[in-house]
Amino acid sequence: MGKKVFIGVAWPYLNGDIHIGHLAGYLLPADVFARFNRFLGNETLMVSGSDCFGTPVMIEAESRDLEPREIVEEYHKKNVELFKFLGISFDIYTKTDTKNHKETAQKLFLSFIQNGFIFKNKTNQYYSETEKRFLPDRLVEGECPKCGYAAARGDQCDNCGAVFGEGELLNPKSRVSGGGIRLKETEHYFFDWPKLQPFLEKYVESHSSWRRWVFSETEGWLKKGLKPRAITRDLEWGIEIPIDRIPENLRIEGAEKKRIYVWFEAVIGYLSASIEWAEKNGKKWEDFWYDSESCHAYFMGKDNLIFHTLFWPGQLHTYDEKLHLPDFPAVNQFLNLEGQKFSKSRGITIDSKYIVEKYGLDAVRFYLCLIMPENADANFSWTDFASKTNDILIANFGNFVNRTLTLAKGIDFDLGFEINSDLENSVLNFIKEARSALENFEFKKYAETIIRLSDLGNKYLSKKEPWLIKNREEKDFKETIYNSLFIVLALYLISKPLLINSVKEISKFLQIEIKEWPRDELNELKELVKKIKIKNPKPLFKKIEKETIQKEQAKLP
């Protein structure tokens, strides 16, 4: 209780709308974890922001004949409004083009040079004679040398996650002109990762509690041996190299037309955002970053795995060995749509705002949590979404809560009732299971626990059949409803981090609010159930009709 919890959430690119793959991949689990920790009474700081630099913004700007800064302002504003609408409870959502972030990134960059972890070297980079420029990796397309994926980009394959160096991509071409490209020599700064290999091996070895596939993939990188990696690029949209503060013998050619590579500076945003949050709120960012007892959790998709399990810990350690390193990278695999990869250009997408507006925030949060791609790619199916919403969220959870509150309306409970001991033990076990699942980043298991607890409530009601008792003043009737209300309270408790709107409604219906997770769950819930006074209960969710789903399916190619 009361410990400090830092939550770093992957920074969205500013080149498109946030679809439900992003929501399931990192936004929802981060929000559930943050709400859970605040509910526990932990001092929680959840940070993220818009990734302003790099090629995605440039591509969007060029395609629309706008300046990159105009794209940044447009999408950043949309993101801020969207996350508020989706209930994503950031303590700060900033962006990487702030003065604070630039200064923080440059400060780390300079310290790495001073500490001997950055060196300059001439390298080959893809160059387009047609466009007369070096091409960023996202403007390069070719065949992945690992899996054969035909649309891999210059440095990474979005299909298998492989990362490769210049010249390894097969049949490279420009995504802009479609023409062939060649490698041309240019000078850049490189981070000397081999120097950090021994430290990172010990760091990873001490975190065997990570998800098995995350730990295994990270270990695989270390077994192959880390290689120096370029941290600057031939671009004019990005954070400037602080060349005037670099010793002359370490300065590179043409630095004024080069920028710090986005993969290197974006993760620094976790630190710079903490500094910005502290300045705006009269707090100390150091309280989170220098507390050995704090917990640092990071949320991202699998394409960002290695940047958070190796590169970011390495950067932090190199800058200041006393800084708190990531404890748990909650990396999710990908969410597909009806068995296909999300692709806005091919019409295979579902806009997050659209689905929430049409089907309700809690229905979407519940379904995505239930199918979360924690250890393998998952699939969003419209038929399954409707089925899980109608048959589980409504028929199980919603039905139990509504039946209980409707039966309890107008009943005056005296204080002579006791909670059934078997029921008491079962409910307590579910509460502990839910808490344990959240503490261990097992979000699917957590959602399943909510279902199992509401199922217990339905079975209890069905067994007792209180609706057959004509006299609502009879002890058996009141006792059954009293015990059912105890289960409703337990559902309220464990559902609060996920079903944010439904829990507010239940709180109104019961005229009770649980502001902090009880230290003694069982006894505090038993005391609360005595104070319940039912007021105007209504169904929590709306059924999804078959015809509606058929229309959604018809939109897909």
# chains A, B, ... in the order shown; residues from 1 in each chain; ligands from 1
$ select_by_dssp --residues "stretch 315-356 of chain A" --states "alpha helix (DSSP H)" --output "list in words"
Gln315, Leu316, His317, Thr318, Tyr319, Ser352, Lys353, Tyr354, Ile355 and Val356 of chain A
$ residues_around --residues "stretch 305-322 of chain A" --least-positions-apart "2" --cutoff "8 Å" --atoms "only C-alpha atoms" --output "ChimeraX atom specification"
/A:108,111-112,115,117,196,200,204,214,218,263,267-268,290,298,300-303,324-326,329,331
$ residues_around --residues "stretch 508-514 of chain A" --least-positions-apart "3" --cutoff "6 Å" --atoms "only C-alpha atoms" --output "list of chain:residue names"
A:Glu505, A:Ile532, A:Lys533, A:Ile534, A:Lys535, A:Pro537
$ write_last_selection --atoms "C-alpha atoms" --output "CSV table (one decimal), in the first residue's frame"
chain,number,residue,atom,x,y,z
A,505,GLU,CA,-24.0,3.4,-12.4
A,532,ILE,CA,-27.2,-0.2,0.8
A,533,LYS,CA,-30.3,1.7,-0.2
A,534,ILE,CA,-31.5,0.9,-3.7
A,535,LYS,CA,-32.4,3.8,-6.0
A,537,PRO,CA,-31.9,0.5,-10.9
$ closest_residue --among "A:Lys542, A:Lys444, A:Lys107, A:Lys530" --to "A:Ser502" --atoms "only C-alpha atoms"
A:Lys542
$ residues_around --residues "A:Gly8" --least-positions-apart "5" --cutoff "8 Å" --atoms "only C-alpha atoms" --output "PyMOL selection string"
chain A and resi 46-48+270+296-299
$ residues_around --residues "stretch 153-162 of chain A" --least-positions-apart "3" --cutoff "8 Å" --atoms "only C-alpha atoms" --output "PyMOL selection string"
chain A and resi 136-142+144+146-147+149+165-166+169+172+302-303
$ closest_residue --among "A:Pro12, A:Glu217, A:Leu370, A:Leu468" --to "A:Tyr446" --atoms "only C-alpha atoms"
A:Leu370
$ closest_residue --among "A:Ser462, A:Asn429, A:Asn471, A:Thr98" --to "A:Ile494" --atoms "only C-alpha atoms"
A:Asn429
